[in-house]
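Chemist: Here it is: the structure, laid out below.
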Amino acid sequence: RLQYNQYGFRIGGPIIKNKLFYFINYESEKSITPGQSKIASATSSSFGTANNIARPTIAELDAIKSFLMTKYGYDPGKYDNYDIEGEKKKILARLDWNIGIKNKLNIRYSQAENVDPAFMNNSTTGSGTFFASGDNRNSINALHFSNSNYFQRYNFYSIAAELNTSFSSRVSNTFRATYNNQNEPRASSSTPFPFVDILKDGLAFTSFGYEPFTYGNTRDVKIYSFVDNLTVTSGKHSMLMGIQYDFTKTLNGFQPYGADYYKYNSFADFQNG
């Protein structure tokens with residue numbers, strides 16, 4: 001299924017006539033796009049009869065899902081015929097306040113939040129697992145479950161305030177304070193569960209669990225800035241004096257296989273522990 005929905009609104013006006021004004025803008029976009037293009041094989045559509053028919057059968061994958069839900073209470077999601085959803089939101093709000101003849105204040109807030117879906121990573125770096133040449137988790141030999149995919153979030157939040165003061169026709173001051181937050185974590189539809197690769201006849205067969213490079217993967221940057229500028233005008237000359245203070249706090253998290261990782265040479269091996 002392919003679907004895009006876009007909507008929003010914009011509103012503004014005076015709160016107090018000639019004194020206090022507001023403006024708000026909101027935008028939202030939701031997308032639904034086809035997810036897994038491969039399908040599990042069946043008696044009527046066997047592996048190799050079409051380019052999108054994978055080696056695992058419906059019966060085999062249904063058995064794996066049933067076992068996971070019965071023994072561990074874990075739902076690995078769907079293995080074919082599912083869509084993926086993305087979302088984008090934007091908010092902008094502003095206040096303008098004419099405090100008096102000599103003072104004006106404006107405050108602005110902006111927010112952007114994006115959720116981009118992505119298929120699980122094919123990399124086995126650091127796991128000790130090596131697939132045969134030309135084989136991997138997303139090859140036609142295998143069909144993974146949807147909850148082993150992930151979402152990349154891109155979030156940005158900003159608030160700024162500016163106070164303009166006119167002391168006289170020759171002396172004015174601008175004070176500005178800003179806060180920016182860039183937050184980019186990964187997310188998953190899965191509950192915490194080890195990521196598991198199941199092989200069959202030495203080739204990738206199916207995978208399920210928490211995407212191996214998503215758990216604990218985050219980037220969070222916070223920036224604080226304060227600026228104060230004093231302007232003095234004398235005839236044809238202007239003199240600017242100011243001070244600025246910036247502070248940045250960064251958090252980076254990367255935990256490959258943070259929810260743990262296992263590989264089994266067959267589903268029977270997995271069942272037997």
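All residue names refer to the structure tokens as shown: chains lettered A, B, ... in order, residues numbered from 1 in each chain, ligands numbered from 1 in order.
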Env of range 216-229 of chain A: 6 Å cut, atoms = only C-alpha atoms, seq-sep filter 5 positions within chain, self excluded. Answer as a ChimeraX atom specification.
Modeler: /A:173-186,241-255
Chemist: Could you turn the residues from that selection into a file that holds N, CA, C and O atoms, as a short mmCIF file (atom, residue, chain, number, x, y, z; two decimals), in the first residue's frame?
Modeler:
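Contents of out_6.cif, freshly written:
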```cif
data_model
loop_
_atom_site.label_atom_id
_atom_site.label_comp_id
_atom_site.auth_asym_id
_atom_site.auth_seq_id
_atom_site.Cartn_x
_atom_site.Cartn_y
_atom_site.Cartn_z
N ASN A 173 20.47 48.05 23.25
CA ASN A 173 21.01 46.77 23.70
C ASN A 173 20.14 45.62 23.19
O ASN A 173 18.91 45.72 23.13
N THR A 174 20.79 44.53 22.82
CA THR A 174 20.09 43.31 22.41
C THR A 174 20.59 42.14 23.23
O THR A 174 21.80 41.85 23.22
N PHE A 175 19.68 41.49 23.92
CA PHE A 175 20.02 40.28 24.68
C PHE A 175 19.29 39.10 24.06
O PHE A 175 18.08 39.15 23.82
N ARG A 176 20.05 38.02 23.79
CA ARG A 176 19.46 36.86 23.13
C ARG A 176 19.87 35.58 23.86
O ARG A 176 21.05 35.38 24.15
N ALA A 177 18.90 34.74 24.14
CA ALA A 177 19.16 33.44 24.77
C ALA A 177 18.52 32.36 23.92
O ALA A 177 17.35 32.48 23.52
N THR A 178 19.27 31.29 23.62
CA THR A 178 18.75 30.20 22.79
C THR A 178 19.10 28.85 23.39
O THR A 178 20.13 28.69 24.06
N TYR A 179 18.22 27.91 23.13
CA TYR A 179 18.45 26.52 23.52
C TYR A 179 18.06 25.63 22.36
O TYR A 179 16.95 25.73 21.82
N ASN A 180 18.99 24.77 21.92
CA ASN A 180 18.75 23.84 20.83
C ASN A 180 19.01 22.42 21.30
O ASN A 180 20.00 22.16 22.00
N ASN A 181 18.15 21.51 20.91
CA ASN A 181 18.30 20.11 21.26
C ASN A 181 18.11 19.25 20.01
O ASN A 181 17.05 19.26 19.40
N GLN A 182 19.18 18.54 19.64
CA GLN A 182 19.14 17.62 18.51
C GLN A 182 19.19 16.21 19.07
O GLN A 182 20.20 15.78 19.61
N ASN A 183 18.08 15.49 18.94
CA ASN A 183 17.95 14.18 19.56
C ASN A 183 17.65 13.15 18.46
O ASN A 183 16.62 13.22 17.80
N GLU A 184 18.55 12.18 18.28
CA GLU A 184 18.43 11.23 17.17
C GLU A 184 18.58 9.79 17.65
O GLU A 184 19.58 9.12 17.34
N PRO A 185 17.62 9.28 18.39
CA PRO A 185 17.71 7.88 18.82
C PRO A 185 17.15 6.93 17.77
O PRO A 185 16.38 7.32 16.90
N ARG A 186 17.55 5.68 17.88
CA ARG A 186 16.89 4.64 17.11
C ARG A 186 15.78 4.04 17.98
O ARG A 186 15.85 4.08 19.20
N MET A 241 29.73 46.55 21.53
CA MET A 241 30.40 45.82 22.60
C MET A 241 29.49 44.67 23.02
O MET A 241 28.27 44.84 23.12
N GLY A 242 30.09 43.49 23.24
CA GLY A 242 29.23 42.37 23.58
C GLY A 242 29.95 41.25 24.31
O GLY A 242 31.17 41.23 24.44
N ILE A 243 29.14 40.33 24.78
CA ILE A 243 29.64 39.16 25.46
C ILE A 243 28.80 37.96 25.03
O ILE A 243 27.59 38.09 24.78
N GLN A 244 29.44 36.80 24.90
CA GLN A 244 28.72 35.60 24.47
C GLN A 244 29.21 34.40 25.27
O GLN A 244 30.40 34.24 25.54
N TYR A 245 28.24 33.55 25.65
CA TYR A 245 28.56 32.33 26.37
C TYR A 245 27.83 31.17 25.70
O TYR A 245 26.62 31.23 25.48
N ASP A 246 28.57 30.12 25.34
CA ASP A 246 28.00 28.93 24.71
C ASP A 246 28.39 27.70 25.52
O ASP A 246 29.53 27.58 25.99
N PHE A 247 27.45 26.80 25.63
CA PHE A 247 27.70 25.54 26.34
C PHE A 247 27.04 24.41 25.57
O PHE A 247 25.86 24.49 25.21
N THR A 248 27.80 23.34 25.32
CA THR A 248 27.29 22.20 24.57
C THR A 248 27.45 20.92 25.39
O THR A 248 28.49 20.67 25.97
N LYS A 249 26.39 20.13 25.42
CA LYS A 249 26.40 18.85 26.11
C LYS A 249 25.99 17.76 25.11
O LYS A 249 24.92 17.84 24.51
N THR A 250 26.85 16.75 24.94
CA THR A 250 26.60 15.71 23.95
C THR A 250 26.58 14.33 24.59
O THR A 250 27.45 14.01 25.41
N LEU A 251 25.59 13.55 24.21
CA LEU A 251 25.49 12.17 24.65
C LEU A 251 25.42 11.26 23.44
O LEU A 251 24.54 11.41 22.60
N ASN A 252 26.39 10.35 23.32
CA ASN A 252 26.40 9.38 22.24
C ASN A 252 26.33 7.97 22.82
O ASN A 252 27.09 7.64 23.74
N GLY A 253 25.41 7.17 22.31
CA GLY A 253 25.30 5.80 22.79
C GLY A 253 25.29 4.82 21.63
O GLY A 253 24.58 5.03 20.64
N PHE A 254 26.11 3.79 21.71
CA PHE A 254 26.14 2.77 20.67
C PHE A 254 26.45 1.43 21.33
O PHE A 254 27.54 1.23 21.88
N GLN A 255 25.48 0.53 21.33
CA GLN A 255 25.63 -0.77 21.96
C GLN A 255 25.29 -1.88 20.97
O GLN A 255 24.17 -2.39 20.94
#
```
Chemist: May I have the residues within 7 Å of Tyr79 in chain A as number ranges by chain, using only C-alpha atoms and disregarding those fewer than 3 positions away in the same chain?
Modeler: A: 143-146
Chemist: Between A:Ile39, A:Ile107, A:Ile140, A:Leu68, which has the minimum distance to Phe270 in chain A (counting only C-alpha atoms)?
Modeler: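 Of A:Ile39, A:Ile107, A:Ile140, A:Leu68, the one nearest Phe270 in chain A, counting only C-alpha atoms, is A:Leu68.
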Chemist: Tell me, which residues of range 61-127 of chain A carry DSSP strand (DSSP E), written as JSON, numbers by chain?
Modeler: {"A": [83, 84, 85, 86, 87, 88, 89, 90, 91, 92, 93, 94, 95, 96, 97, 98, 103, 104, 105, 106, 107, 108, 109, 110, 111, 112, 113, 114, 115, 116, 117, 118]}
Chemist: Return as a tab-separated table the residues of range 65-85 of chain A lying at most 8 Å from range 189-211 of chain A, together with the closest atom-to-atom pair for each and the distance in Å to one decimal, counting only C-alpha atoms, with rows in chain order and ascending residue number.
Modeler:
```
residue	atom	partner	partner_atom	distance
A:Tyr74	CA	A:Thr191	CA	7.7
A:Asp75	CA	A:Ser190	CA	7.9
A:Pro76	CA	A:Phe208	CA	5.9
```
Chemist: Write out, as an mmCIF file, in the first residue's frame, the residues just selected, with N, CA, C and O atoms.
Modeler:
```
data_model
loop_
_atom_site.group_PDB
_atom_site.id
_atom_site.type_symbol
_atom_site.label_atom_id
_atom_site.label_comp_id
_atom_site.auth_asym_id
_atom_site.auth_seq_id
_atom_site.Cartn_x
_atom_site.Cartn_y
_atom_site.Cartn_z
ATOM 1 N N TYR A 74 6.862 -13.797 23.251
ATOM 2 C CA TYR A 74 7.427 -12.773 22.370
ATOM 3 C C TYR A 74 6.778 -12.830 20.991
ATOM 4 O O TYR A 74 6.730 -13.880 20.345
ATOM 5 N N ASP A 75 6.290 -11.677 20.539
ATOM 6 C CA ASP A 75 5.688 -11.557 19.215
ATOM 7 C C ASP A 75 6.734 -10.984 18.256
ATOM 8 O O ASP A 75 7.113 -9.812 18.382
ATOM 9 N N PRO A 76 7.212 -11.775 17.293
ATOM 10 C CA PRO A 76 8.249 -11.274 16.374
ATOM 11 C C PRO A 76 7.700 -10.403 15.250
ATOM 12 O O PRO A 76 8.467 -9.832 14.476
#
```
Chemist: Could you check the closest approach to Thr214 in chain A for each of A:Ala187, A:Ile16, A:Ile32, A:Ala160 and tell me which residue wins, using only C-alpha atoms?
Modeler: A:Ala187
Chemist: Based on the backbone DSSP call, show me all residues of range 19-88 of chain A assigned helix (DSSP H, G or I), as a list in words.
Modeler: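 Result set for range 19-88 of chain A (helix (DSSP H, G or I)): Ile58, Ala59, Glu60, Leu61, Asp62, Ala63, Ile64, Lys65, Ser66, Phe67, Leu68, Met69, Thr70, Lys71 and Tyr72 of chain A.
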Chemist: Using all heavy atoms, can you write the selected residues to a file as a compact mmCIF listing (two decimals), in the first residue's frame?
Modeler:
```txt
# COMPACT_ATOMS: atom_id res chain seq x y z
N ILE A 58 5.52 -20.83 4.52
CA ILE A 58 4.55 -20.29 5.47
C ILE A 58 4.46 -21.16 6.70
O ILE A 58 4.45 -20.67 7.84
CB ILE A 58 3.16 -20.18 4.78
CG1 ILE A 58 3.19 -19.14 3.67
CG2 ILE A 58 2.07 -19.85 5.80
CD1 ILE A 58 1.91 -19.07 2.85
N ALA A 59 4.44 -22.49 6.50
CA ALA A 59 4.32 -23.41 7.62
C ALA A 59 5.52 -23.29 8.57
O ALA A 59 5.36 -23.30 9.80
CB ALA A 59 4.20 -24.85 7.11
N GLU A 60 6.72 -23.17 8.02
CA GLU A 60 7.92 -23.06 8.85
C GLU A 60 7.93 -21.77 9.66
O GLU A 60 8.22 -21.78 10.87
CB GLU A 60 9.17 -23.13 7.96
CG GLU A 60 9.45 -24.50 7.38
CD GLU A 60 10.58 -24.48 6.36
OE1 GLU A 60 10.62 -23.55 5.52
OE2 GLU A 60 11.40 -25.39 6.38
N LEU A 61 7.61 -20.66 9.04
CA LEU A 61 7.63 -19.37 9.74
C LEU A 61 6.50 -19.27 10.75
O LEU A 61 6.68 -18.69 11.83
CB LEU A 61 7.57 -18.23 8.73
CG LEU A 61 8.79 -18.12 7.80
CD1 LEU A 61 8.58 -17.03 6.75
CD2 LEU A 61 10.06 -17.83 8.60
N ASP A 62 5.35 -19.81 10.42
CA ASP A 62 4.24 -19.82 11.38
C ASP A 62 4.61 -20.66 12.61
O ASP A 62 4.25 -20.31 13.74
CB ASP A 62 2.97 -20.38 10.73
CG ASP A 62 2.28 -19.37 9.83
OD1 ASP A 62 2.63 -18.17 9.90
OD2 ASP A 62 1.40 -19.79 9.04
N ALA A 63 5.32 -21.75 12.39
CA ALA A 63 5.74 -22.60 13.50
C ALA A 63 6.73 -21.87 14.41
O ALA A 63 6.66 -21.98 15.64
CB ALA A 63 6.36 -23.89 12.97
N ILE A 64 7.65 -21.12 13.80
CA ILE A 64 8.62 -20.35 14.58
C ILE A 64 7.92 -19.27 15.40
O ILE A 64 8.19 -19.10 16.60
CB ILE A 64 9.68 -19.72 13.65
CG1 ILE A 64 10.55 -20.81 13.04
CG2 ILE A 64 10.54 -18.71 14.41
CD1 ILE A 64 11.53 -20.31 11.98
N LYS A 65 6.99 -18.56 14.78
CA LYS A 65 6.26 -17.52 15.50
C LYS A 65 5.44 -18.11 16.64
O LYS A 65 5.42 -17.56 17.75
CB LYS A 65 5.35 -16.74 14.53
CG LYS A 65 4.57 -15.62 15.21
CD LYS A 65 3.84 -14.75 14.19
CE LYS A 65 3.11 -13.63 14.90
NZ LYS A 65 2.48 -12.68 13.95
N SER A 66 4.78 -19.21 16.39
CA SER A 66 3.97 -19.86 17.43
C SER A 66 4.83 -20.30 18.60
O SER A 66 4.46 -20.12 19.77
CB SER A 66 3.24 -21.05 16.83
OG SER A 66 2.50 -21.73 17.83
N PHE A 67 6.00 -20.84 18.31
CA PHE A 67 6.92 -21.29 19.36
C PHE A 67 7.38 -20.10 20.21
O PHE A 67 7.43 -20.18 21.44
CB PHE A 67 8.12 -21.99 18.74
CG PHE A 67 9.13 -22.47 19.74
CD1 PHE A 67 8.93 -23.63 20.46
CD2 PHE A 67 10.30 -21.74 19.97
CE1 PHE A 67 9.87 -24.07 21.39
CE2 PHE A 67 11.24 -22.16 20.88
CZ PHE A 67 11.02 -23.33 21.60
N LEU A 68 7.74 -18.99 19.56
CA LEU A 68 8.21 -17.80 20.29
C LEU A 68 7.12 -17.24 21.20
O LEU A 68 7.39 -16.85 22.35
CB LEU A 68 8.66 -16.73 19.29
CG LEU A 68 9.97 -16.99 18.55
CD1 LEU A 68 10.16 -15.99 17.42
CD2 LEU A 68 11.15 -16.94 19.51
N MET A 69 5.90 -17.19 20.71
CA MET A 69 4.82 -16.62 21.50
C MET A 69 4.40 -17.56 22.63
O MET A 69 4.06 -17.10 23.73
CB MET A 69 3.62 -16.30 20.59
CG MET A 69 3.93 -15.22 19.56
SD MET A 69 2.49 -14.67 18.60
CE MET A 69 1.57 -13.78 19.85
N THR A 70 4.45 -18.86 22.38
CA THR A 70 4.03 -19.83 23.40
C THR A 70 5.07 -19.97 24.50
O THR A 70 4.74 -19.94 25.69
CB THR A 70 3.77 -21.21 22.76
OG1 THR A 70 2.76 -21.07 21.78
CG2 THR A 70 3.33 -22.21 23.81
N LYS A 71 6.34 -20.12 24.13
CA LYS A 71 7.38 -20.37 25.12
C LYS A 71 7.91 -19.10 25.78
O LYS A 71 8.20 -19.08 26.97
CB LYS A 71 8.54 -21.14 24.49
CG LYS A 71 9.62 -21.53 25.51
CD LYS A 71 10.58 -22.54 24.98
CE LYS A 71 11.58 -22.94 26.07
NZ LYS A 71 12.50 -24.01 25.61
N TYR A 72 8.07 -18.03 25.00
CA TYR A 72 8.70 -16.81 25.52
C TYR A 72 7.75 -15.62 25.63
O TYR A 72 8.13 -14.58 26.15
CB TYR A 72 9.88 -16.41 24.62
CG TYR A 72 10.97 -17.45 24.56
CD1 TYR A 72 11.13 -18.25 23.42
CD2 TYR A 72 11.83 -17.66 25.63
CE1 TYR A 72 12.13 -19.21 23.35
CE2 TYR A 72 12.84 -18.62 25.57
CZ TYR A 72 12.97 -19.39 24.44
OH TYR A 72 13.97 -20.34 24.37
```
Chemist: Please identify all polymer residues within 9 Å of Asn81 in chain A, counting only C-alpha atoms, omitting same-chain residues fewer than 5 positions from it, and present them as a tab-separated table (two decimals) with N, CA and C atoms, in the first residue's frame.
Modeler:
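The resulting file, part_25.tsv, is reproduced below:
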```tsv
chain	number	residue	atom	x	y	z
A	34	PRO	N	5.01	0.22	0.97
A	34	PRO	CA	5.16	-1.24	1.05
A	34	PRO	C	6.41	-1.62	1.84
A	35	GLY	N	6.27	-2.64	2.66
A	35	GLY	CA	7.39	-3.11	3.48
A	35	GLY	C	8.13	-4.23	2.78
A	36	GLN	N	7.97	-5.44	3.30
A	36	GLN	CA	8.66	-6.59	2.72
A	36	GLN	C	8.09	-6.93	1.34
A	37	SER	N	8.96	-6.95	0.33
A	37	SER	CA	8.50	-7.26	-1.02
A	37	SER	C	8.50	-8.77	-1.29
A	38	LYS	N	9.23	-9.52	-0.48
A	38	LYS	CA	9.26	-10.98	-0.65
A	38	LYS	C	8.08	-11.61	0.09
A	39	ILE	N	7.73	-12.81	-0.33
A	39	ILE	CA	6.68	-13.57	0.37
A	39	ILE	C	7.20	-14.97	0.66
```
Chemist: Please list as a VMD selection string every residue within 7 Å of Thr231 in chain A, counting only C-alpha atoms and excluding residues in the same chain fewer than 5 positions away.
Modeler: chain A and resid 171 to 173 238 to 241
Chemist: Could the residues in this selection be written to a file with C-alpha atoms, as a PDB file, in the first residue's frame?
Modeler:
```
ATOM      1  CA  VAL A 171      22.426  53.632  22.957  1.00  0.00           C
ATOM      2  CA  SER A 172      20.618  50.328  22.455  1.00  0.00           C
ATOM      3  CA  ASN A 173      21.014  46.767  23.703  1.00  0.00           C
ATOM      4  CA  SER A 238      28.857  52.990  15.793  1.00  0.00           C
ATOM      5  CA  MET A 239      30.569  50.955  18.469  1.00  0.00           C
ATOM      6  CA  LEU A 240      29.469  47.432  19.320  1.00  0.00           C
ATOM      7  CA  MET A 241      30.397  45.820  22.605  1.00  0.00           C
TER       8      MET A 241
END
```
Chemist: Give the answer as one residue: which of A:Tyr82, A:Phe156, A:Phe151, A:Tyr262 has the shortest atom-to-atom distance to Ser127 in chain A, using only C-alpha atoms?
Modeler: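 So, comparing all the options, the nearest one is A:Tyr262.
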Chemist: Report, in Å to a single decimal, how far apart CA of Arg1 in chain A and CA of Pro212 in chain A are.
Modeler: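 Interatomic distance here is 27.6 Å.
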Chemist: Could you give me, as a PyMOL selection string, the residues within 10 Å of Thr124 in chain A, counting only C-alpha atoms and dropping anything in the same chain fewer than 2 positions from it?
Modeler: chain A and resi 121-122+126-131+136-137+212+256-257
Chemist: Which one is closest to Glu85 in chain A: A:Ile15, A:Tyr4, A:Phe9, A:Ser110? Count only C-alpha atoms.
Modeler: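 Of the candidates, the smallest distance to Glu85 in chain A is held by A:Tyr4.
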Chemist: Set the distance at 12 Å and use only C-alpha atoms: which residues neighbour Ser168 in chain A once local chain neighbours fewer than 2 positions away are removed? I'd like the list as a VMD selection string.
Modeler: chain A and resid 101 to 103 165 to 166 170 to 173 230 to 234
Chemist: Taking into account only C-alpha atoms, which residue in the set A:Asn141, A:Asn164, A:Gly258, A:Arg153 is nearest to Gly48 in chain A?
Modeler: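 Closest residue, counting only C-alpha atoms: A:Asn141.
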Chemist: Please determine, counting only C-alpha atoms, which residue among A:Asn114, A:Gln3, A:Ser148, A:Thr33 has the shortest atom-to-atom distance to Asp83 in chain A.
Modeler: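 Ranking A:Asn114, A:Gln3, A:Ser148, A:Thr33 by distance to Asp83 in chain A, first place goes to A:Thr33.
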Chemist: Just the number, please: distance in Å from CA of Leu92 in chain A to CA of Pro117 in chain A, one decimal.
Modeler: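 Going from CA of Leu92 in chain A over to CA of Pro117 in chain A, I get 24.8 Å.
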Chemist: Can you work out the spacing between CA of Thr57 in chain A and CA of Lys78 in chain A in Å, to one decimal?
Modeler: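 Straight-line distance from CA of Thr57 in chain A to CA of Lys78 in chain A works out to 13.4 Å.
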